[in-house]
$ cat query33.cif   # mmCIF, C-alpha atoms
data_model
#
loop_
_atom_site.label_atom_id
_atom_site.label_comp_id
_atom_site.auth_asym_id
_atom_site.auth_seq_id
_atom_site.Cartn_x
_atom_site.Cartn_y
_atom_site.Cartn_z
CA MET B 1 -171.53 105.57 -95.89
CA ASP B 2 -169.67 103.10 -98.09
CA ILE B 3 -167.89 101.07 -95.39
CA ARG B 4 -165.24 99.61 -97.67
CA GLU B 5 -164.30 103.05 -99.03
CA TYR B 6 -164.38 104.62 -95.57
CA MET B 7 -162.10 101.97 -94.04
CA ALA B 8 -159.69 102.25 -96.99
CA GLN B 9 -159.47 106.00 -96.33
CA VAL B 10 -158.84 105.39 -92.64
CA GLY B 11 -156.17 102.79 -93.48
CA ALA B 12 -154.38 104.99 -96.01
CA ALA B 13 -154.33 107.91 -93.55
CA ALA B 14 -152.97 105.65 -90.80
CA ARG B 15 -150.23 104.31 -93.05
CA ALA B 16 -149.12 107.84 -93.97
CA ALA B 17 -149.25 108.97 -90.32
CA SER B 18 -147.28 105.92 -89.17
CA ARG B 19 -144.21 107.12 -91.06
CA LEU B 20 -144.35 110.47 -89.31
CA VAL B 21 -144.94 108.99 -85.86
CA ALA B 22 -142.13 106.46 -86.32
CA ARG B 23 -139.61 109.30 -86.59
CA ALA B 24 -141.22 111.55 -83.98
CA SER B 25 -139.04 112.49 -81.04
CA THR B 26 -139.68 111.15 -77.56
CA ARG B 27 -140.43 114.70 -76.45
CA ALA B 28 -143.10 115.19 -79.12
CA LYS B 29 -144.80 111.92 -78.20
CA ASN B 30 -144.72 112.74 -74.50
CA ASP B 31 -145.99 116.27 -75.13
CA ALA B 32 -148.94 114.78 -77.03
CA LEU B 33 -149.73 112.35 -74.21
CA LEU B 34 -149.60 115.08 -71.57
CA ALA B 35 -151.79 117.35 -73.71
CA MET B 36 -154.31 114.50 -74.10
CA ALA B 37 -154.40 114.10 -70.31
CA ARG B 38 -155.04 117.82 -69.81
CA THR B 39 -157.81 117.80 -72.41
CA LEU B 40 -159.52 114.80 -70.82
CA ARG B 41 -159.67 116.67 -67.52
CA GLU B 42 -160.87 119.88 -69.18
CA ARG B 43 -163.63 118.04 -71.05
CA ARG B 44 -164.65 115.73 -68.22
CA ASP B 45 -168.28 116.86 -68.22
CA GLU B 46 -168.58 116.31 -71.98
CA LEU B 47 -167.18 112.80 -71.61
CA LEU B 48 -169.54 111.94 -68.77
CA SER B 49 -172.52 113.29 -70.70
CA ALA B 50 -171.64 111.21 -73.76
CA ASN B 51 -171.14 108.16 -71.56
CA ALA B 52 -174.50 108.69 -69.84
CA ALA B 53 -176.22 108.68 -73.24
CA ASP B 54 -174.41 105.43 -74.16
CA VAL B 55 -175.41 103.80 -70.87
CA ALA B 56 -179.04 104.87 -71.22
CA GLU B 57 -179.19 103.38 -74.72
CA ALA B 58 -177.51 100.19 -73.52
CA ARG B 59 -180.07 99.76 -70.75
CA ALA B 60 -182.91 100.36 -73.19
CA ALA B 61 -181.43 97.72 -75.49
CA GLY B 62 -181.40 95.19 -72.65
CA LEU B 63 -177.63 94.76 -72.29
CA ASP B 64 -176.68 92.69 -69.26
CA ALA B 65 -175.53 94.22 -65.99
CA ALA B 66 -171.90 93.12 -66.44
CA MET B 67 -171.67 94.86 -69.84
CA ILE B 68 -173.23 98.05 -68.46
CA ASP B 69 -170.82 97.99 -65.54
CA ARG B 70 -167.85 97.85 -67.95
CA LEU B 71 -169.41 100.61 -70.04
CA GLN B 72 -169.94 103.13 -67.26
CA LEU B 73 -167.46 105.96 -66.82
CA SER B 74 -167.22 108.09 -63.68
CA ALA B 75 -165.32 111.25 -62.84
CA LYS B 76 -162.81 108.99 -61.12
CA GLY B 77 -162.57 106.96 -64.32
CA VAL B 78 -161.77 110.07 -66.37
CA GLU B 79 -159.04 110.98 -63.91
CA SER B 80 -157.72 107.41 -64.11
CA MET B 81 -157.50 107.70 -67.91
CA ALA B 82 -155.60 110.98 -67.60
CA LEU B 83 -153.19 109.48 -65.07
CA GLY B 84 -152.68 106.49 -67.36
CA LEU B 85 -151.62 108.80 -70.18
CA GLU B 86 -149.18 110.56 -67.87
CA GLN B 87 -147.78 107.23 -66.70
CA VAL B 88 -147.12 106.11 -70.28
CA ALA B 89 -145.42 109.44 -70.96
CA ALA B 90 -143.07 108.70 -68.05
CA LEU B 91 -142.06 105.28 -69.44
CA PRO B 92 -138.80 104.87 -71.36
CA ASP B 93 -139.18 105.15 -75.13
CA PRO B 94 -138.30 101.79 -76.72
CA VAL B 95 -137.98 103.14 -80.27
CA GLY B 96 -134.41 103.34 -81.56
CA GLU B 97 -132.87 101.30 -78.73
CA ILE B 98 -129.79 99.40 -79.96
CA THR B 99 -128.90 96.12 -78.25
CA ASP B 100 -126.54 93.15 -78.64
CA LEU B 101 -123.94 95.15 -80.57
CA LYS B 102 -121.00 92.84 -81.26
CA ARG B 103 -117.87 93.23 -83.38
CA ARG B 104 -117.32 90.49 -85.97
CA PRO B 105 -113.93 89.21 -87.22
CA SER B 106 -114.51 91.17 -90.44
CA GLY B 107 -114.48 94.42 -88.44
CA ILE B 108 -118.17 95.23 -88.74
CA GLN B 109 -120.39 95.66 -85.68
CA VAL B 110 -123.72 93.80 -85.76
CA GLY B 111 -126.64 94.57 -83.46
CA ARG B 112 -130.37 95.08 -83.35
CA MET B 113 -132.51 98.21 -83.23
CA ARG B 114 -136.04 98.38 -81.84
CA VAL B 115 -138.55 99.86 -84.33
CA PRO B 116 -142.35 100.38 -84.45
CA LEU B 117 -144.63 97.77 -85.98
CA GLY B 118 -146.34 100.43 -88.13
CA VAL B 119 -150.14 100.50 -87.98
CA VAL B 120 -151.89 98.72 -85.11
CA GLY B 121 -155.61 97.95 -85.33
CA ILE B 122 -157.33 97.44 -81.98
CA ILE B 123 -160.86 96.03 -81.70
CA TYR B 124 -162.52 96.12 -78.30
CA GLU B 125 -165.86 96.06 -76.49
CA ALA B 126 -167.56 98.18 -73.86
CA ARG B 127 -164.74 99.76 -71.84
CA PRO B 128 -164.25 103.35 -73.11
CA ASN B 129 -160.99 103.71 -71.16
CA VAL B 130 -159.38 101.34 -73.68
CA THR B 131 -159.57 104.18 -76.22
CA ALA B 132 -157.18 106.32 -74.19
CA ASP B 133 -154.98 103.41 -73.07
CA ALA B 134 -154.55 102.05 -76.59
CA ALA B 135 -153.88 105.48 -78.05
CA ALA B 136 -151.17 106.08 -75.46
CA LEU B 137 -149.36 102.77 -75.90
CA CYS B 138 -149.46 102.87 -79.69
CA LEU B 139 -148.23 106.47 -79.86
CA LYS B 140 -145.40 106.00 -77.35
CA SER B 141 -144.18 102.93 -79.25
CA GLY B 142 -144.10 104.95 -82.48
CA ASN B 143 -147.13 103.36 -84.14
CA ALA B 144 -150.25 104.75 -85.75
CA ALA B 145 -153.48 103.25 -84.42
CA ILE B 146 -156.92 102.45 -85.79
CA LEU B 147 -159.30 101.87 -82.87
CA ARG B 148 -162.69 100.24 -83.28
CA GLY B 149 -164.69 100.24 -80.06
CA GLY B 150 -168.05 98.58 -79.48
CA LYS B 151 -171.24 100.22 -80.71
CA GLU B 152 -172.45 100.46 -77.10
CA ALA B 153 -169.71 103.05 -76.35
CA LEU B 154 -169.77 104.95 -79.64
CA ARG B 155 -170.54 108.43 -78.24
CA CYS B 156 -168.04 108.24 -75.41
CA ASN B 157 -165.31 106.78 -77.60
CA GLN B 158 -165.73 109.62 -80.08
CA ALA B 159 -165.57 112.17 -77.25
CA ILE B 160 -162.32 110.60 -76.03
CA ALA B 161 -161.05 110.52 -79.62
CA ALA B 162 -161.57 114.29 -79.84
CA CYS B 163 -159.32 114.71 -76.77
CA VAL B 164 -156.70 112.47 -78.36
CA ARG B 165 -156.75 114.50 -81.58
CA ALA B 166 -156.40 117.72 -79.61
CA GLY B 167 -153.33 116.33 -77.87
CA LEU B 168 -151.73 115.22 -81.13
CA THR B 169 -152.34 118.62 -82.72
CA ALA B 170 -150.88 120.44 -79.72
CA ALA B 171 -147.66 118.45 -80.10
CA GLY B 172 -147.44 118.96 -83.86
CA LEU B 173 -148.23 115.36 -84.70
CA PRO B 174 -150.82 114.27 -87.30
CA GLU B 175 -154.37 113.80 -86.02
CA THR B 176 -154.58 110.63 -88.09
CA ALA B 177 -151.92 109.00 -85.91
CA VAL B 178 -154.84 107.75 -83.79
CA GLN B 179 -158.19 107.24 -85.50
CA VAL B 180 -161.33 105.93 -83.81
CA VAL B 181 -163.67 104.32 -86.34
CA GLU B 182 -166.82 106.42 -86.51
CA THR B 183 -169.31 103.73 -87.53
CA ALA B 184 -170.89 100.97 -85.47
CA ASP B 185 -171.40 98.82 -88.58
CA ARG B 186 -169.90 95.38 -87.95
CA ALA B 187 -168.66 95.31 -91.54
CA ALA B 188 -165.99 97.83 -90.52
CA VAL B 189 -164.31 95.12 -88.42
CA GLY B 190 -164.24 92.75 -91.38
CA HIS B 191 -162.50 95.34 -93.53
CA LEU B 192 -160.06 96.40 -90.78
CA VAL B 193 -158.71 92.88 -90.27
CA ALA B 194 -158.35 92.29 -94.01
CA MET B 195 -156.22 95.30 -95.06
CA PRO B 196 -152.60 94.09 -94.99
CA GLU B 197 -151.63 96.99 -97.23
CA TYR B 198 -152.58 99.39 -94.43
CA VAL B 199 -152.54 97.42 -91.15
CA ASP B 200 -149.56 95.53 -89.70
CA VAL B 201 -151.12 93.84 -86.67
CA ILE B 202 -154.53 93.43 -85.02
CA VAL B 203 -155.13 93.31 -81.26
CA PRO B 204 -158.63 92.13 -80.25
CA ARG B 205 -159.75 92.84 -76.68
CA GLY B 206 -163.07 91.31 -75.73
CA GLY B 207 -164.97 88.09 -75.32
CA LYS B 208 -164.08 84.72 -76.82
CA GLY B 209 -166.64 85.15 -79.62
CA LEU B 210 -165.05 88.39 -80.80
CA ILE B 211 -161.53 86.98 -80.70
CA GLU B 212 -162.53 83.79 -82.53
CA ARG B 213 -164.13 85.86 -85.28
CA ILE B 214 -161.08 88.09 -85.64
CA SER B 215 -158.71 85.11 -85.71
CA LYS B 216 -160.79 83.45 -88.42
CA GLU B 217 -161.20 86.47 -90.68
CA ALA B 218 -157.88 88.31 -90.23
CA ARG B 219 -155.44 88.59 -93.12
CA VAL B 220 -152.87 90.31 -90.90
CA PRO B 221 -151.12 88.96 -87.77
CA VAL B 222 -153.23 88.90 -84.58
CA ILE B 223 -151.93 89.33 -81.01
CA LYS B 224 -154.49 87.54 -78.86
CA HIS B 225 -155.53 85.05 -76.24
CA LEU B 226 -158.81 83.12 -76.32
CA ASP B 227 -159.14 81.65 -72.83
CA GLY B 228 -157.58 82.09 -69.42
CA ASN B 229 -157.73 78.58 -67.96
CA CYS B 230 -155.03 79.18 -65.35
CA HIS B 231 -153.78 76.44 -63.00
CA VAL B 232 -152.32 76.32 -59.50
CA TYR B 233 -150.47 73.12 -58.60
CA ILE B 234 -149.86 72.31 -54.92
CA ASP B 235 -146.74 70.16 -54.82
CA THR B 236 -145.68 67.48 -52.33
CA ASP B 237 -143.25 69.96 -50.77
CA ALA B 238 -145.61 72.94 -50.60
CA ASP B 239 -145.75 75.21 -47.56
CA GLU B 240 -149.28 74.77 -46.20
CA ASP B 241 -149.96 78.40 -45.27
CA MET B 242 -148.50 79.63 -48.55
CA ALA B 243 -150.62 77.21 -50.55
CA LEU B 244 -153.80 78.38 -48.85
CA ARG B 245 -152.93 82.04 -49.34
CA ILE B 246 -152.02 81.67 -53.01
CA VAL B 247 -155.09 79.61 -53.95
CA ASP B 248 -157.32 82.08 -52.12
CA ASN B 249 -155.89 85.07 -53.97
CA ALA B 250 -155.60 83.36 -57.36
CA LYS B 251 -159.23 82.28 -57.34
CA THR B 252 -161.23 84.70 -55.22
CA GLN B 253 -159.63 88.16 -55.46
CA ARG B 254 -161.45 88.74 -58.77
CA LEU B 255 -163.52 86.09 -60.49
CA GLY B 256 -163.86 87.62 -63.94
CA THR B 257 -160.28 88.22 -65.06
CA CYS B 258 -158.24 86.16 -67.51
CA ASN B 259 -155.49 85.55 -64.91
CA THR B 260 -157.86 84.12 -62.29
CA ALA B 261 -157.15 80.48 -61.40
CA GLU B 262 -159.80 78.15 -62.83
CA SER B 263 -158.10 74.80 -62.07
CA LEU B 264 -156.43 73.44 -58.94
CA LEU B 265 -154.10 70.42 -58.94
CA VAL B 266 -153.00 68.82 -55.67
CA ALA B 267 -150.28 66.21 -55.18
CA ARG B 268 -151.74 62.97 -53.83
CA SER B 269 -149.25 62.84 -50.94
CA VAL B 270 -150.66 66.04 -49.42
CA SER B 271 -154.23 65.86 -50.70
CA THR B 272 -155.81 64.48 -47.51
CA THR B 273 -154.12 67.11 -45.34
CA LEU B 274 -154.19 70.22 -47.54
CA LEU B 275 -157.24 69.82 -49.78
CA PRO B 276 -159.89 69.83 -46.99
CA GLU B 277 -158.62 73.17 -45.67
CA ILE B 278 -158.31 74.70 -49.14
CA ALA B 279 -161.77 73.44 -50.10
CA ALA B 280 -163.32 74.79 -46.89
CA MET B 281 -161.80 78.20 -47.56
CA LEU B 282 -163.08 78.27 -51.15
CA GLN B 283 -166.55 77.02 -50.24
CA ALA B 284 -166.81 79.58 -47.45
CA LYS B 285 -166.39 82.22 -50.16
CA GLY B 286 -169.09 80.66 -52.32
CA VAL B 287 -166.82 78.83 -54.78
CA GLU B 288 -168.26 75.61 -56.21
CA ILE B 289 -165.78 72.74 -56.43
CA ARG B 290 -165.95 70.29 -59.33
CA GLY B 291 -163.50 67.51 -58.74
CA CYS B 292 -162.17 64.10 -59.73
CA ALA B 293 -163.23 60.93 -57.91
CA GLU B 294 -160.48 61.33 -55.29
CA THR B 295 -161.42 64.94 -54.70
CA MET B 296 -165.03 63.92 -54.06
CA THR B 297 -163.97 61.46 -51.35
CA ILE B 298 -161.92 64.19 -49.64
CA VAL B 299 -164.39 67.04 -50.19
CA PRO B 300 -167.91 65.67 -49.59
CA ASN B 301 -169.74 68.66 -51.10
CA ALA B 302 -167.74 68.63 -54.34
CA LYS B 303 -169.54 67.96 -57.61
CA PRO B 304 -168.13 65.55 -60.20
CA ALA B 305 -165.92 67.20 -62.81
CA THR B 306 -166.42 66.41 -66.48
CA GLU B 307 -163.73 66.46 -69.18
CA ALA B 308 -165.09 69.85 -70.26
CA ASP B 309 -164.53 71.25 -66.74
CA TYR B 310 -160.77 70.75 -67.05
CA TYR B 311 -160.75 72.91 -70.20
CA ALA B 312 -163.13 75.55 -68.83
CA GLU B 313 -162.55 79.24 -68.21
CA TYR B 314 -165.42 79.82 -65.78
CA LEU B 315 -165.02 83.53 -64.98
CA ALA B 316 -167.31 82.63 -62.08
CA ALA B 317 -167.27 81.14 -58.56
CA VAL B 318 -166.37 77.66 -59.82
CA ILE B 319 -163.06 75.77 -59.83
CA SER B 320 -162.04 72.36 -61.16
CA VAL B 321 -159.91 70.22 -58.84
CA LYS B 322 -157.83 67.12 -59.57
CA VAL B 323 -155.58 65.01 -57.37
CA VAL B 324 -152.40 64.04 -59.26
CA ASP B 325 -149.43 61.75 -58.57
CA GLY B 326 -146.90 64.57 -58.50
CA VAL B 327 -145.09 67.14 -60.62
CA ASP B 328 -144.89 64.91 -63.72
CA ALA B 329 -148.64 64.36 -63.75
CA ALA B 330 -149.30 68.04 -62.99
CA ILE B 331 -147.17 69.20 -65.93
CA ALA B 332 -148.82 66.67 -68.25
CA HIS B 333 -152.32 67.76 -67.14
CA ILE B 334 -151.56 71.45 -67.57
CA ASN B 335 -149.99 71.03 -71.00
CA LYS B 336 -153.08 69.10 -72.13
CA TYR B 337 -155.87 71.27 -70.70
CA SER B 338 -154.30 74.72 -70.29
CA SER B 339 -155.02 77.70 -72.52
CA GLN B 340 -151.29 78.57 -72.19
CA HIS B 341 -152.02 81.73 -70.22
CA THR B 342 -150.65 81.47 -66.65
CA GLU B 343 -149.74 78.56 -64.36
CA ALA B 344 -148.28 78.45 -60.84
CA ILE B 345 -146.60 75.86 -58.65
CA VAL B 346 -146.46 76.05 -54.85
CA THR B 347 -143.39 74.17 -53.64
CA GLU B 348 -140.25 74.40 -51.51
CA ASN B 349 -138.49 71.90 -53.79
CA TYR B 350 -136.01 73.67 -56.08
CA THR B 351 -135.83 70.82 -58.59
CA ALA B 352 -139.62 70.58 -58.91
CA ALA B 353 -139.88 74.36 -59.31
CA LEU B 354 -137.23 74.47 -62.03
CA ARG B 355 -138.84 71.58 -63.93
CA PHE B 356 -142.22 73.33 -63.74
CA LEU B 357 -140.72 76.57 -65.10
CA ARG B 358 -138.97 74.78 -67.96
CA GLU B 359 -141.60 72.24 -68.98
CA VAL B 360 -144.95 74.02 -68.60
CA ASP B 361 -145.79 75.50 -72.01
CA SER B 362 -147.58 78.72 -71.06
CA SER B 363 -146.90 82.41 -71.56
CA SER B 364 -146.43 83.04 -67.81
CA VAL B 365 -145.18 80.40 -65.36
CA MET B 366 -144.80 81.17 -61.66
CA VAL B 367 -143.27 79.69 -58.53
CA ASN B 368 -144.90 80.45 -55.17
CA ALA B 369 -146.97 83.39 -56.43
CA SER B 370 -150.58 84.04 -57.39
CA THR B 371 -151.60 83.82 -61.05
CA ARG B 372 -153.18 87.26 -60.56
CA PHE B 373 -149.72 88.78 -61.05
CA ALA B 374 -149.89 88.02 -64.80
CA ASP B 375 -150.40 91.65 -65.75
CA GLY B 376 -148.41 94.30 -67.59
CA PHE B 377 -148.39 96.73 -64.66
CA GLU B 378 -147.28 94.04 -62.18
CA TYR B 379 -144.53 92.93 -64.59
CA GLY B 380 -143.14 96.45 -64.72
CA LEU B 381 -144.31 97.19 -68.25
CA GLY B 382 -146.21 100.27 -67.03
CA ALA B 383 -149.29 99.28 -68.99
CA GLU B 384 -150.41 96.60 -71.40
CA ILE B 385 -152.34 96.45 -74.65
CA GLY B 386 -153.43 92.88 -73.92
CA ILE B 387 -152.20 89.34 -73.23
CA SER B 388 -150.80 87.04 -75.90
CA THR B 389 -150.78 83.25 -75.62
CA ASP B 390 -149.23 82.88 -79.07
CA LYS B 391 -145.53 82.19 -79.45
CA PHE B 392 -144.94 84.86 -82.11
CA HIS B 393 -144.45 87.83 -82.08
CA ALA B 394 -145.15 88.66 -78.43
CA ARG B 395 -146.00 86.31 -75.56
CA GLY B 396 -147.63 87.15 -72.23
CA PRO B 397 -148.54 90.73 -71.28
CA VAL B 398 -147.89 93.03 -74.26
CA GLY B 399 -146.54 96.47 -73.38
CA LEU B 400 -144.53 99.03 -75.30
CA GLU B 401 -141.84 96.56 -76.38
CA GLY B 402 -144.52 94.15 -77.60
CA LEU B 403 -145.72 96.87 -79.98
CA THR B 404 -142.28 97.10 -81.54
CA SER B 405 -140.05 94.78 -83.53
CA GLN B 406 -136.30 94.53 -84.00
CA LYS B 407 -134.26 94.88 -87.15
CA TRP B 408 -130.62 94.00 -87.67
CA ILE B 409 -128.19 96.89 -88.04
CA VAL B 410 -124.58 96.84 -89.19
CA LEU B 411 -121.99 99.54 -88.37
CA GLY B 412 -118.91 99.57 -90.51
CA ASN B 413 -115.86 101.61 -91.39
CA GLY B 414 -115.39 100.78 -95.06
CA GLU B 415 -115.24 97.00 -94.60
CA ILE B 416 -115.94 94.84 -97.68
CA ARG B 417 -116.62 91.11 -97.77
CA GLN B 418 -113.71 89.03 -99.01
#

$ encode --input "query33.cif" --output "structure tokens"
Amino acid sequence: MDIREYMAQVGAAARAASRLVARASTRAKNDALLAMARTLRERRDELLSANAADVAEARAAGLDAAMIDRLQLSAKGVESMALGLEQVAALPDPVGEITDLKRRPSGIQVGRMRVPLGVVGIIYEARPNVTADAAALCLKSGNAAILRGGKEALRCNQAIAACVRAGLTAAGLPETAVQVVETADRAAVGHLVAMPEYVDVIVPRGGKGLIERISKEARVPVIKHLDGNCHVYIDTDADEDMALRIVDNAKTQRLGTCNTAESLLVARSVSTTLLPEIAAMLQAKGVEIRGCAETMTIVPNAKPATEADYYAEYLAAVISVKVVDGVDAAIAHINKYSSQHTEAIVTENYTAALRFLREVDSSSVMVNASTRFADGFEYGLGAEIGISTDKFHARGPVGLEGLTSQKWIVLGNGEIRQ
């Protein structure tokens, strides 16, 4: 297979399909999604068989346990994919929505209409469910999609792709509206991210290494985040029980997610009263504390934190801790060390809360809530294609609206400019 020629064919087909999908009715898109869900259920055994072959090969190749865990698909997982497709079908269609329509002194009305981005390329690792999720979100938002999963899930991804194609055909939409790249050759990724004539945006979902490579090589815009170094700041006026509950959930509910808290800041005025209890709770759950000099005097078992610790996304049972003067110092620390993903303040002080919301430069900023809420489903988006820490075009969890853009529209009645 000539990879360059193959990817050009895939890109050209996606571009042609994107024009058809952009004008497809909401009913046609929903019919396709519901047909995909039915086909997934009907072909469950085929999907599980393909996945079992992928898992067996991954084990033989020596892939680590965490990767194999993400790769495995169960009957429950197939049902979850089908339900996800049905949930996206139930979401409002953003395409064609007109907002901010205002009449100008000239007589014209000026507003904005939401439109698809065009062709979305999605590059991901391990999790085969992303194939169905990405197909659903791209289709509902009126985009064509080129999906390139990891080589470790090649068989299962192709089996899911067959279900997606069946759903598209059943609804009278082009099969090429969602294409899953059929080769595991890494060169395919290089071509996909460098085809601005065919691809409008790239969404990488995977480890930091993958995202850094995509960001470096891409010749089209990339919606991404590299790290999830999320902070919780316990303010002078924090409620003690609330602080304990939020830190516990933000750090220990799930260790390996991008919205897990990796850094804890505590105001000096409450550090000797609150930090021992928080530290005891974390250590009882096996979390290692790496702290500043003040933290180490308050928490005897803490290890010294390095400069690198304050930048770190651990994705493990480790947290960095620093005692700070107050909200000013907390904001300054976060804006220096944060990955601009998600930050939270625990406080009963309205002024401190408002300053934190306005001055912390991250894609999600919270008051008196766990960082674990930074998620498309929890935000009411229904589902998400990923998280963006960039400031253009989307920021934070990216759902259906994040896969669209807006264009200006003008409605007139024969007006001419004088």

$ resolve_selection --input "query33.cif" --expression "the PyMOL selection byres ((chain B and resi 252) around 9)" --output "ChimeraX atom specification"
/B:247-251,253-255,260-261,282,285,287,317

$ write_last_selection --input "query33.cif" --atoms "C-alpha atoms" --output "PDB file, keeping the file's coordinate frame"
ATOM      1  CA  VAL B 247    -155.090  79.610 -53.950  1.00  0.00           C
ATOM      2  CA  ASP B 248    -157.320  82.080 -52.120  1.00  0.00           C
ATOM      3  CA  ASN B 249    -155.890  85.070 -53.970  1.00  0.00           C
ATOM      4  CA  ALA B 250    -155.600  83.360 -57.360  1.00  0.00           C
ATOM      5  CA  LYS B 251    -159.230  82.280 -57.340  1.00  0.00           C
ATOM      6  CA  GLN B 253    -159.630  88.160 -55.460  1.00  0.00           C
ATOM      7  CA  ARG B 254    -161.450  88.740 -58.770  1.00  0.00           C
ATOM      8  CA  LEU B 255    -163.520  86.090 -60.490  1.00  0.00           C
ATOM      9  CA  THR B 260    -157.860  84.120 -62.290  1.00  0.00           C
ATOM     10  CA  ALA B 261    -157.150  80.480 -61.400  1.00  0.00           C
ATOM     11  CA  LEU B 282    -163.080  78.270 -51.150  1.00  0.00           C
ATOM     12  CA  LYS B 285    -166.390  82.220 -50.160  1.00  0.00           C
ATOM     13  CA  VAL B 287    -166.820  78.830 -54.780  1.00  0.00           C
ATOM     14  CA  ALA B 317    -167.270  81.140 -58.560  1.00  0.00           C
TER      15      ALA B 317
END

$ axis_aligned_box --input "query33.cif" --around "stretch 87-93 of chain B" --padding-each-side "8 Å" --output "AutoDock Vina command-line options"
--center_x -143.3 --center_y 107.2 --center_z -70.9 --size_x 25.0 --size_y 20.6 --size_z 24.4

$ residues_around --input "query33.cif" --residues "B:Ala302" --least-positions-apart "4" --cutoff "9 Å" --atoms "only C-alpha atoms" --output "VMD selection string"
chain B and resid 279 288 to 292 295 to 298

$ residues_around --input "query33.cif" --residues "B:Gln340" --least-positions-apart "6" --cutoff "9 Å" --atoms "only C-alpha atoms" --output "CSV table (one decimal) with C-alpha atoms, in the coordinates of the input"
chain,number,residue,atom,x,y,z
B,225,HIS,CA,-155.5,85.0,-76.2
B,227,ASP,CA,-159.1,81.6,-72.8
B,228,GLY,CA,-157.6,82.1,-69.4
B,229,ASN,CA,-157.7,78.6,-68.0
B,230,CYS,CA,-155.0,79.2,-65.4
B,334,ILE,CA,-151.6,71.4,-67.6
B,360,VAL,CA,-145.0,74.0,-68.6
B,361,ASP,CA,-145.8,75.5,-72.0
B,362,SER,CA,-147.6,78.7,-71.1
B,363,SER,CA,-146.9,82.4,-71.6
B,364,SER,CA,-146.4,83.0,-67.8
B,389,THR,CA,-150.8,83.2,-75.6
B,390,ASP,CA,-149.2,82.9,-79.1

$ residues_around --input "query33.cif" --residues "stretch 88-99 of chain B" --least-positions-apart "6" --cutoff "10 Å" --atoms "only C-alpha atoms" --output "MDAnalysis selection string"
chainID B and resid 22:27 29:34 110:116 133 136:137 139:143 381:383 400:409

$ residues_around --input "query33.cif" --residues "B:Leu354" --least-positions-apart "4" --cutoff "12 Å" --atoms "all atoms listed in the file" --output "list in words"
Val327, Ile331, Ala344, Ile345, Val346, Thr347, Glu348, Asn349, Tyr350, Arg358, Glu359, Val360, Val365, Met366, Val367 and Asn368 of chain B

$ closest_residue --input "query33.cif" --among "B:Cys138, B:Ala153, B:Ile160, B:Ala187" --to "B:Met81" --atoms "only C-alpha atoms"
B:Ile160

$ closest_residue --input "query33.cif" --among "B:Ser388, B:Ser370, B:Asn129, B:Asn301" --to "B:Gly77" --atoms "all atoms listed in the file"
B:Asn129

$ closest_residue --input "query33.cif" --among "B:Leu154, B:Ala170, B:Ile246, B:Leu40" --to "B:Thr183" --atoms "all atoms listed in the file"
B:Leu154

$ closest_residue --input "query33.cif" --among "B:Leu71, B:Cys163, B:Ala134, B:Ala8" --to "B:Glu42" --atoms "only C-alpha atoms"
B:Cys163

$ closest_atom_pairs --input "query33.cif" --of "stretch 118-204 of chain B" --to "stretch 54-62 of chain B" --cutoff "10 Å" --atoms "only C-alpha atoms" --output "Markdown table"
| residue | atom | partner | partner_atom | distance |
| --- | --- | --- | --- | --- |
| B:Ala126 | CA | B:Asp54 | CA | 10.0 |
| B:Lys151 | CA | B:Asp54 | CA | 8.9 |
| B:Glu152 | CA | B:Asp54 | CA | 6.1 |
| B:Ala153 | CA | B:Asp54 | CA | 5.7 |
| B:Leu154 | CA | B:Asp54 | CA | 7.2 |
| B:Arg155 | CA | B:Asp54 | CA | 6.4 |
| B:Cys156 | CA | B:Asp54 | CA | 7.1 |
| B:Asn157 | CA | B:Asp54 | CA | 9.8 |

$ resolve_selection --input "query33.cif" --expression "the PyMOL selection byres ((chain B and resi 235) around 9)" --output "ChimeraX atom specification"
/B:233-234,236-239,265-270,326-327,330,345-349,352
